[in-house]
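What's in input05.txt: compact mmCIF, C-alpha atoms and all ligand atoms
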```txt
# COMPACT_ATOMS: atom_id res chain seq x y z
CA MET A 1 -7.93 18.85 -9.53
CA ASP A 2 -7.09 16.23 -6.93
CA ILE A 3 -3.49 15.13 -6.66
CA VAL A 4 -3.19 11.47 -5.71
CA LEU A 5 -0.08 9.65 -4.54
CA SER A 6 0.61 6.21 -3.16
CA GLY A 7 3.45 3.73 -2.86
CA ILE A 8 4.22 0.11 -2.11
CA ARG A 9 7.42 -1.32 -0.61
CA PRO A 10 9.25 -3.86 -2.79
CA THR A 11 9.56 -6.62 -0.21
CA GLY A 12 8.46 -9.52 -2.44
CA GLN A 13 5.40 -10.37 -4.48
CA LEU A 14 2.19 -8.44 -3.86
CA HIS A 15 -0.63 -10.15 -1.97
CA LEU A 16 -4.40 -9.72 -1.86
CA GLY A 17 -4.07 -7.11 0.90
CA ASN A 18 -1.83 -4.91 -1.28
CA TYR A 19 -4.17 -5.35 -4.21
CA PHE A 20 -7.54 -4.75 -2.58
CA GLY A 21 -6.18 -2.28 0.00
CA ALA A 22 -4.28 -0.14 -2.48
CA LEU A 23 -3.40 -1.17 -6.04
CA LYS A 24 -6.95 -1.74 -7.28
CA ASN A 25 -7.83 1.79 -6.25
CA PHE A 26 -4.80 3.17 -8.10
CA THR A 27 -6.17 1.89 -11.38
CA LYS A 28 -9.56 3.43 -10.67
CA MET A 29 -8.15 6.79 -9.62
CA GLN A 30 -5.74 7.36 -12.49
CA HIS A 31 -8.55 8.49 -14.76
CA GLU A 32 -10.00 10.92 -12.24
CA ALA A 33 -7.03 12.82 -10.88
CA ARG A 34 -3.36 13.65 -11.37
CA CYS A 35 -1.75 10.49 -10.03
CA PHE A 36 1.72 9.59 -8.78
CA PHE A 37 2.40 5.95 -7.94
CA PHE A 38 5.79 4.74 -6.86
CA ILE A 39 7.84 1.88 -5.48
CA ALA A 40 9.12 2.69 -2.00
CA ASP A 41 12.59 1.14 -2.17
CA TYR A 42 14.14 3.53 0.39
CA HIS A 43 11.47 2.45 2.87
CA ALA A 44 12.24 -1.21 2.14
CA LEU A 45 15.85 -0.62 3.26
CA THR A 46 14.71 -0.15 6.88
CA THR A 47 14.45 -3.92 7.23
CA HIS A 48 17.81 -4.61 5.50
CA PRO A 49 16.75 -6.65 2.46
CA ASP A 50 19.31 -8.82 0.71
CA PRO A 51 20.93 -6.45 -1.84
CA THR A 52 20.87 -9.16 -4.49
CA MET A 53 17.08 -9.44 -4.09
CA LEU A 54 16.10 -5.77 -3.95
CA HIS A 55 16.25 -5.09 -7.68
CA ASP A 56 14.27 -8.25 -8.49
CA ASN A 57 11.62 -7.22 -6.00
CA ILE A 58 11.40 -3.76 -7.56
CA ARG A 59 10.96 -5.36 -10.96
CA ASN A 60 8.24 -7.67 -9.56
CA VAL A 61 6.27 -4.83 -8.04
CA LEU A 62 6.69 -2.67 -11.13
CA SER A 63 5.34 -5.50 -13.30
CA GLU A 64 2.47 -6.00 -10.86
CA TYR A 65 1.53 -2.31 -10.99
CA LEU A 66 1.44 -2.46 -14.79
CA ALA A 67 -0.33 -5.82 -14.94
CA ALA A 68 -3.02 -4.57 -12.56
CA GLY A 69 -3.73 -1.73 -14.98
CA VAL A 70 -1.70 1.29 -13.89
CA ASP A 71 -1.14 3.10 -17.20
CA PRO A 72 2.25 4.91 -17.30
CA ASN A 73 0.93 7.21 -20.01
CA VAL A 74 -1.79 8.43 -17.67
CA ALA A 75 -0.27 8.21 -14.17
CA THR A 76 3.32 9.00 -13.20
CA LEU A 77 4.86 5.68 -12.19
CA TYR A 78 8.35 5.80 -10.68
CA ILE A 79 10.87 4.32 -8.30
CA GLN A 80 11.43 6.34 -5.12
CA SER A 81 15.23 6.29 -5.33
CA ASP A 82 15.08 7.66 -8.90
CA VAL A 83 13.74 10.89 -7.37
CA PRO A 84 16.31 11.68 -4.66
CA GLN A 85 14.68 15.08 -4.08
CA VAL A 86 12.48 13.17 -1.64
CA THR A 87 15.46 12.73 0.70
CA GLU A 88 16.02 16.48 0.84
CA LEU A 89 12.38 17.13 1.65
CA SER A 90 12.51 14.39 4.27
CA LEU A 91 15.53 16.07 5.88
CA LEU A 92 13.82 19.46 5.85
CA LEU A 93 10.62 18.05 7.36
CA SER A 94 12.59 16.16 10.02
CA MET A 95 13.63 19.51 11.54
CA HIS A 96 10.03 19.85 12.73
CA ALA A 97 9.35 16.20 13.61
CA TYR A 98 9.69 15.42 17.30
CA LEU A 99 11.34 12.36 18.76
CA GLY A 100 8.37 11.59 21.02
CA GLU A 101 5.82 11.48 18.23
CA LEU A 102 8.07 9.28 16.09
CA GLU A 103 8.72 6.87 18.96
CA ARG A 104 4.98 6.58 19.64
CA THR A 105 4.10 5.51 16.08
CA ALA A 106 2.51 2.05 16.12
CA SER A 107 4.57 0.78 13.16
CA PHE A 108 7.82 1.84 14.87
CA LYS A 109 6.87 0.13 18.14
CA ASP A 110 5.84 -2.98 16.22
CA LYS A 111 9.10 -3.16 14.22
CA ALA A 112 11.18 -2.41 17.33
CA ARG A 113 9.52 -5.40 19.00
CA LYS A 114 9.96 -7.67 15.99
CA GLN A 115 13.59 -6.73 15.22
CA PRO A 116 15.13 -5.63 18.55
CA ASN A 117 18.63 -5.87 17.13
CA ASN A 118 17.88 -3.50 14.27
CA VAL A 119 16.04 -0.48 15.66
CA ASN A 120 17.70 1.89 13.21
CA ALA A 121 17.19 5.63 12.67
CA GLY A 122 15.61 4.91 9.28
CA LEU A 123 12.81 3.05 11.05
CA LEU A 124 12.30 5.92 13.46
CA CYS A 125 12.14 8.44 10.61
CA TYR A 126 10.00 6.21 8.38
CA PRO A 127 6.89 8.43 8.80
CA VAL A 128 8.90 11.55 7.90
CA LEU A 129 10.09 9.98 4.65
CA MET A 130 6.54 8.87 3.94
CA ALA A 131 5.24 12.40 4.56
CA ALA A 132 7.95 13.64 2.18
CA ASP A 133 6.75 11.18 -0.50
CA ILE A 134 3.26 12.60 -0.23
CA LEU A 135 4.10 16.28 0.18
CA LEU A 136 6.73 16.18 -2.57
CA HIS A 137 3.84 16.34 -5.03
CA ARG A 138 1.49 18.11 -2.60
CA ALA A 139 -0.94 15.18 -2.85
CA ASN A 140 -4.30 15.55 -1.12
CA LYS A 141 -5.57 11.98 -1.57
CA VAL A 142 -3.61 8.87 -0.66
CA PRO A 143 -5.15 5.49 -1.50
CA VAL A 144 -3.90 3.07 1.17
CA GLY A 145 -5.09 0.23 3.37
CA LYS A 146 -6.21 0.71 6.96
CA ASP A 147 -2.76 -0.02 8.40
CA GLN A 148 -1.39 3.25 6.95
CA GLY A 149 -3.96 5.46 8.70
CA GLN A 150 -1.61 6.60 11.45
CA HIS A 151 1.12 7.52 8.96
CA LEU A 152 -1.36 9.74 7.15
CA GLU A 153 -2.32 11.37 10.42
CA LEU A 154 1.35 12.22 11.03
CA THR A 155 1.69 13.55 7.48
CA ARG A 156 -1.13 15.99 8.26
CA VAL A 157 0.57 16.97 11.53
CA PHE A 158 3.84 17.72 9.70
CA ALA A 159 2.06 19.63 6.93
CA ARG A 160 0.04 21.75 9.37
CA ARG A 161 3.10 22.45 11.50
CA PHE A 162 5.11 23.58 8.47
CA ASN A 163 2.29 25.86 7.31
CA THR A 164 1.87 27.35 10.80
CA ILE A 165 5.58 27.86 11.54
CA TYR A 166 6.27 29.59 8.23
CA GLY A 167 2.91 31.35 8.01
CA VAL A 168 2.02 29.82 4.62
CA ASP A 169 -0.75 27.77 3.13
CA PHE A 170 1.55 25.52 1.16
CA PHE A 171 1.09 21.85 2.03
CA PRO A 172 -2.35 20.23 1.78
CA GLU A 173 -3.92 18.08 4.50
CA SER A 174 -3.57 14.72 2.78
CA GLN A 175 -6.32 12.20 3.42
CA ALA A 176 -6.12 8.41 3.33
CA TYR A 177 -8.62 7.50 0.68
CA ASN A 178 -10.80 4.67 -0.54
CA PHE A 179 -13.56 6.13 -2.72
CA GLY A 180 -15.49 7.50 0.20
CA GLU A 181 -15.63 4.09 1.83
CA GLU A 182 -13.88 2.75 4.91
CA LEU A 183 -10.22 1.91 4.44
CA VAL A 184 -9.78 -1.80 3.77
CA LYS A 185 -8.02 -4.34 5.95
CA ILE A 186 -7.72 -7.73 4.26
CA PRO A 187 -7.26 -10.37 6.95
CA GLY A 188 -4.93 -13.35 6.68
CA LEU A 189 -6.02 -16.98 6.27
CA ASP A 190 -4.69 -17.93 9.70
CA GLY A 191 -7.68 -16.87 11.75
CA SER A 192 -6.56 -13.50 13.08
CA GLY A 193 -4.75 -10.32 12.09
CA LYS A 194 -4.11 -8.76 8.69
CA MET A 195 -2.72 -10.40 5.60
CA GLY A 196 0.98 -9.57 5.53
CA LYS A 197 4.14 -10.98 4.07
CA SER A 198 5.89 -11.24 7.41
CA GLU A 199 2.86 -13.02 8.87
CA GLY A 200 3.15 -15.81 6.25
CA ASN A 201 -0.63 -15.90 5.73
CA CYS A 202 -0.88 -14.49 2.21
CA VAL A 203 -2.37 -15.31 -1.14
CA TYR A 204 -0.10 -13.70 -3.74
CA LEU A 205 -1.19 -12.27 -7.09
CA VAL A 206 1.21 -14.69 -8.77
CA ASP A 207 0.00 -17.84 -6.95
CA SER A 208 -1.25 -20.58 -9.29
CA ASP A 209 -4.86 -21.80 -9.12
CA GLU A 210 -3.70 -24.95 -7.34
CA VAL A 211 -1.69 -23.02 -4.74
CA ILE A 212 -4.63 -20.70 -4.10
CA ARG A 213 -7.01 -23.65 -3.62
CA LYS A 214 -4.57 -25.33 -1.22
CA LYS A 215 -4.00 -22.19 0.84
CA VAL A 216 -7.71 -21.40 1.09
CA MET A 217 -8.72 -24.97 1.98
CA LYS A 218 -6.21 -24.78 4.87
CA ALA A 219 -7.67 -21.48 6.17
CA VAL A 220 -8.48 -21.54 9.88
CA THR A 221 -12.20 -21.87 10.72
CA ASP A 222 -14.07 -22.79 13.92
CA SER A 223 -16.16 -25.77 14.99
CA GLY A 224 -19.30 -24.26 13.45
CA PRO A 225 -22.31 -22.30 14.77
CA THR A 226 -24.36 -24.22 17.31
CA GLU A 227 -27.32 -21.87 17.69
CA PRO A 228 -29.20 -19.83 15.07
CA ASN A 229 -27.95 -16.25 14.72
CA SER A 230 -24.96 -16.81 16.97
CA PRO A 231 -22.17 -14.19 16.72
CA ILE A 232 -19.67 -14.77 13.95
CA SER A 233 -16.24 -15.88 15.20
CA GLU A 234 -13.10 -14.03 14.04
CA PRO A 235 -11.80 -16.69 11.60
CA ILE A 236 -15.17 -16.92 9.84
CA GLN A 237 -15.61 -13.16 9.82
CA ASN A 238 -12.17 -12.97 8.18
CA ILE A 239 -13.30 -15.28 5.39
CA PHE A 240 -16.44 -13.17 4.92
CA THR A 241 -14.28 -10.02 4.82
CA ILE A 242 -12.12 -11.43 2.01
CA MET A 243 -15.34 -12.42 0.21
CA GLU A 244 -16.50 -8.81 0.39
CA SER A 245 -13.64 -7.97 -1.97
CA VAL A 246 -13.71 -10.93 -4.34
CA SER A 247 -17.25 -12.39 -4.38
CA ALA A 248 -20.63 -11.19 -5.59
CA PRO A 249 -22.73 -9.65 -2.77
CA SER A 250 -25.37 -12.39 -3.28
CA THR A 251 -22.73 -15.10 -2.73
CA LEU A 252 -21.63 -13.52 0.52
CA GLN A 253 -25.23 -13.14 1.66
CA TYR A 254 -25.94 -16.80 0.83
CA PHE A 255 -23.15 -17.98 3.15
CA LYS A 256 -24.06 -15.49 5.87
CA ASP A 257 -27.64 -16.82 5.81
CA LYS A 258 -26.38 -20.39 5.96
CA TYR A 259 -24.24 -19.43 8.96
CA ALA A 260 -27.19 -17.78 10.69
CA SER A 261 -29.33 -20.90 10.19
CA CYS A 262 -26.46 -23.22 11.26
CA GLU A 263 -26.48 -24.94 7.86
CA ILE A 264 -23.14 -23.65 6.68
CA ARG A 265 -20.55 -26.12 5.37
CA TYR A 266 -17.10 -24.63 5.65
CA GLY A 267 -15.79 -26.84 2.83
CA ASP A 268 -18.29 -25.24 0.43
CA LEU A 269 -17.49 -21.76 1.77
CA LYS A 270 -13.77 -22.23 1.16
CA LYS A 271 -14.26 -23.75 -2.29
CA GLN A 272 -16.32 -20.75 -3.30
CA LEU A 273 -13.79 -18.33 -1.82
CA ALA A 274 -10.92 -19.99 -3.68
CA GLU A 275 -12.75 -19.85 -7.03
CA ASP A 276 -13.71 -16.20 -6.51
CA ILE A 277 -10.12 -15.26 -5.63
CA ILE A 278 -8.88 -17.07 -8.74
CA ALA A 279 -11.44 -15.34 -10.96
CA SER A 280 -10.54 -11.90 -9.62
CA ILE A 281 -6.75 -12.15 -9.88
CA SER A 282 -5.92 -14.66 -12.63
CA PRO A 283 -6.11 -12.12 -15.49
CA ILE A 284 -3.50 -10.02 -13.67
CA ARG A 285 -1.26 -13.01 -13.06
CA GLU A 286 -1.08 -13.78 -16.76
CA ARG A 287 -0.06 -10.23 -17.60
CA ILE A 288 2.62 -10.12 -14.86
CA ALA A 289 4.69 -12.86 -16.51
CA GLU A 290 4.47 -11.19 -19.89
CA ILE A 291 5.46 -7.71 -18.62
CA GLN A 292 8.24 -8.98 -16.36
CA SER A 293 10.20 -10.36 -19.28
CA ASN A 294 9.98 -7.13 -21.29
CA GLU A 295 13.16 -5.45 -20.06
CA LYS A 296 13.01 -2.67 -22.67
CA TYR A 297 9.46 -1.68 -21.76
CA LEU A 298 10.22 -1.63 -18.00
CA HIS A 299 13.29 0.52 -18.65
CA GLU A 300 11.25 3.02 -20.66
CA VAL A 301 8.51 3.15 -18.03
CA VAL A 302 10.87 3.92 -15.13
CA CYS A 303 12.94 6.49 -17.08
CA ASP A 304 9.85 8.32 -18.22
CA GLY A 305 8.26 8.14 -14.75
CA ALA A 306 11.42 9.41 -13.04
CA ALA A 307 11.62 12.42 -15.39
CA LYS A 308 7.99 13.39 -14.74
CA ALA A 309 8.26 12.88 -10.98
CA ARG A 310 11.50 14.88 -10.74
CA GLN A 311 9.93 17.81 -12.50
CA SER A 312 7.09 17.95 -9.99
CA ALA A 313 9.52 17.37 -7.08
CA ASP A 314 11.86 20.17 -8.21
CA GLU A 315 9.01 22.65 -8.28
CA THR A 316 7.93 21.78 -4.72
CA LEU A 317 11.47 21.88 -3.37
CA ARG A 318 12.18 25.21 -5.00
CA GLN A 319 9.27 26.68 -3.07
CA VAL A 320 10.04 24.86 0.20
CA ARG A 321 13.63 26.12 0.14
CA GLU A 322 12.43 29.64 -0.44
CA ILE A 323 9.86 29.42 2.36
CA MET A 324 12.49 28.09 4.78
CA GLY A 325 15.00 30.77 3.81
CA ILE A 326 17.46 28.67 1.81
CA LYS A 327 18.56 31.02 -0.96
CA HIS A 328 21.15 30.83 -3.73
CA PHE A 329 23.98 33.36 -4.03
P1 LIG A 401 3.19 -1.59 2.20
O1 LIG A 401 4.23 -1.83 1.17
O2 LIG A 401 3.28 -2.32 3.50
O3 LIG A 401 1.77 -1.90 1.59
C1 LIG A 401 1.35 -1.32 0.36
C2 LIG A 401 -0.12 -1.01 0.41
O4 LIG A 401 -0.87 -2.20 0.68
C3 LIG A 401 -1.74 -1.96 1.78
N1 LIG A 401 -1.91 -3.22 2.54
C4 LIG A 401 -3.10 -3.69 2.92
N2 LIG A 401 -4.34 -3.20 2.75
C5 LIG A 401 -5.37 -3.93 3.24
N3 LIG A 401 -5.18 -5.12 3.90
C6 LIG A 401 -3.94 -5.63 4.10
N4 LIG A 401 -3.79 -6.78 4.73
C7 LIG A 401 -2.83 -4.90 3.60
N5 LIG A 401 -1.49 -5.10 3.62
C8 LIG A 401 -0.94 -4.05 2.96
C9 LIG A 401 -1.06 -0.90 2.62
O5 LIG A 401 -1.99 -0.22 3.43
C10 LIG A 401 -0.47 -0.01 1.55
O6 LIG A 401 -1.43 0.91 1.08
N6 LIG A 401 4.48 2.80 4.14
C11 LIG A 401 3.85 2.17 2.99
C12 LIG A 401 4.54 2.51 1.68
C13 LIG A 401 4.64 3.97 1.43
C14 LIG A 401 3.58 4.85 1.10
C15 LIG A 401 4.18 6.13 0.98
C16 LIG A 401 2.21 4.67 0.90
C17 LIG A 401 5.80 4.69 1.49
N7 LIG A 401 5.51 5.99 1.23
C18 LIG A 401 3.41 7.25 0.65
C19 LIG A 401 1.45 5.82 0.57
C20 LIG A 401 2.05 7.07 0.46
C21 LIG A 401 3.92 0.67 3.18
O7 LIG A 401 4.76 0.17 3.87
O8 LIG A 401 3.02 -0.03 2.47
```

Will you turn the file into structure tokens for me?
Amino acid sequence: MDIVLSGIRPTGQLHLGNYFGALKNFTKMQHEARCFFFIADYHALTTHPDPTMLHDNIRNVLSEYLAAGVDPNVATLYIQSDVPQVTELSLLLSMHAYLGELERTASFKDKARKQPNNVNAGLLCYPVLMAADILLHRANKVPVGKDQGQHLELTRVFARRFNTIYGVDFFPESQAYNFGEELVKIPGLDGSGKMGKSEGNCVYLVDSDEVIRKKVMKAVTDSGPTEPNSPISEPIQNIFTIMESVSAPSTLQYFKDKYASCEIRYGDLKKQLAEDIIASISPIRERIAEIQSNEKYLHEVVCDGAAKARQSADETLRQVREIMGIKHF
């Protein structure tokens, strides 16, 4: 049976990229495999969040997981720091992770550029901790968006290296996964790049209908096609890409045809996009508010999830220690 694992950092509310890149797949996969889904609060610490906000953000993301349909009776849903075994595995894996390969990781270079005064060791070792998350449960499938592809590649490098050095066939080669399709990258509404919290170009799952309409109507476009079948510019392609996730295929085709024949009206395109986003996320939004206020339920979910995840983690670590020669007297 496949073992599936994925996580999301609690850095605020979840946006369309998190949902269509990752969370939506979690809910599909939980019925097909043994699934572990978690909230990556240790990873969030690399950017020094306000301590008074961290717990609220964890609660938000937890509520969003549940509202989106992750069923804690089916999947194991937990908070990373509730399973500290992951830090031991991360330490053990770090003995075979080389400085050069960590420094070359795109996410490290990007963060080092964005926060030059906070290039901490946690950021450098981020991919090792992420590999530990995955290998802690020996997961072979990892539903993530396109931006995590390189981290998965490194996870495979670490797993292969461990197996080779110790002459075992212990860790699997974990694959980034999206139901046999390409990994998704949801673009932002600002014309270029991906949707991301730090880019300030997001539609959040909790945004009201009015906020969604306003954000979408402000989305960057171009001055319109001037010749039939002219190439699609990046801002318009981005709108089409979001439509691929939220709209019916016939709706997308209608606007692509209108673009090709130079009859497209961007106002109509955006209105349609806004309504399709609202239709696809509003049921989740309503459940988020309800779940968030149910302190007792959230407490039960995380306690139960932590117990199940620790059991799986203990079993892996017992074997890793033995393989590496760490023995009890
Ligand atoms: P994070 O918290 O940045 O994002 C969570 C998930 O959302 C996906 N995502 C997107 N997908 C498509 N388009 C976008 N614009 C977009 N923005 C975000 C991400 O690909 C991710 O799947 N390092 C991870 C958290 C993590 C993890 C793990 C994931 C820690 N350990 C182990 C999987 C397995 C992260 O920062 O994701």

### Task
Do a neighbour search on Gln272 of chain A at 12 Å with all atoms listed in the file, toss out local chain neighbours closer than 2 positions, and write the hits as a list in words.
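Residues near the query, excluding close chain neighbours: Ile212, Arg213, Val216, Met217, Ile239, Phe240, Ile242, Met243, Val246, Ser247, Ala248, Thr251, Leu252, Tyr254, Phe255, Arg265, Tyr266, Gly267, Asp268, Leu269, Lys270, Ala274, Glu275, Asp276, Ile277, Ile278 and Ala279 of chain A.
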
### Query
How would you write, as an MDAnalysis selection string, the set of residues no farther than 9 Å from ligand LIG 401 (chain A) when counting all atoms listed in the file?
chainID A and resid 5:11 14:23 37:44 80 126:127 129:134 142:149 151:152 176 183:188 193:197 202

### Task
Tell me, in Å to one decimal, how far atom CA of Asp314 of chain A is from atom CA of Leu136 of chain A.
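Between these atoms lies a distance of 8.6 Å.
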
### Task
In Å, rounded to a single decimal, give me how far atom CA of Pro49 of chain A is from atom CA of Asn117 of chain A.
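The value is 14.8 Å.
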
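For the residues A:Thr316, A:His328, A:Thr241, A:Pro172, ranking by smallest atom-to-atom distance to Val86 of chain A using all atoms listed in the file places A:Thr316 first.
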
### Query
Closest to Ser245 of chain A among A:Ser233, A:Ile264, A:Lys111, A:Ile281, using only C-alpha atoms?
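Using only C-alpha atoms, the shortest distance to Ser245 of chain A belongs to A:Ile281.
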
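Note that the spacing between atom CA of Asp71 of chain A and atom CA of Tyr177 of chain A amounts to 19.9 Å.
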
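In this comparison, which uses only C-alpha atoms, the residue of A:Ala139, A:Tyr98, A:Ser107, A:Leu66 approaching Asp2 of chain A most closely is A:Ala139.
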
### Distance query Ser261 of chain A at most 8 Å, all atoms listed in the file, self and fewer than 5 positions along chain excluded, as a PyMOL selection string
chain A and resi 227-229

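The residue that comes closest to Tyr78 of chain A, out of A:Glu315, A:Asp207, A:Glu322, A:Glu300 and on the basis of all atoms listed in the file, is A:Glu300.
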
### Task
Within 12 Å of (11.2, 18.1, -9.9) (coordinates as in the file), grab all the protein and nucleic acid residues, counting all atoms listed in the file, and write them out as a ChimeraX atom specification.
/A:82-86,88-89,136-137,305-319

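Nearest-residue note for Cys35 of chain A: choosing from A:Met53, A:Leu62, A:Ala68, A:Met1, the minimum distance belongs to A:Met1, counting only C-alpha atoms.
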
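Candidate residues A:Ile288, A:Leu273, A:Gly167, A:Ser223 were compared for distance to Tyr259 of chain A, and the nearest is A:Ser223, using all atoms listed in the file.
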
Around segment 265-269 of chain A, with edges along x, y and z and 5 Å added on all six sides, what centre and edge lengths do you get, in Å to one decimal, as JSON?
```
{"center_x": -18.2, "center_y": -24.3, "center_z": 3.0, "size_x": 14.8, "size_y": 15.1, "size_z": 15.2}
```

### Task
Excluding His31 of chain A and residues on its chain fewer than 6 positions from it, collect all residues at most 10 Å away from it, counting only C-alpha atoms, and give them as a list in words.
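The filter keeps Val70, Asp71, Val74 and Ala75 of chain A.
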
Export of prior selection with C-alpha atoms as a PDB file, in the frame of the given file:
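Output file selection_16.pdb is given in full below:
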```
ATOM      1  CA  VAL A  70      -1.700   1.290 -13.890  1.00  0.00           C
ATOM      2  CA  ASP A  71      -1.140   3.100 -17.200  1.00  0.00           C
ATOM      3  CA  VAL A  74      -1.790   8.430 -17.670  1.00  0.00           C
ATOM      4  CA  ALA A  75      -0.270   8.210 -14.170  1.00  0.00           C
TER       5      ALA A  75
END
```
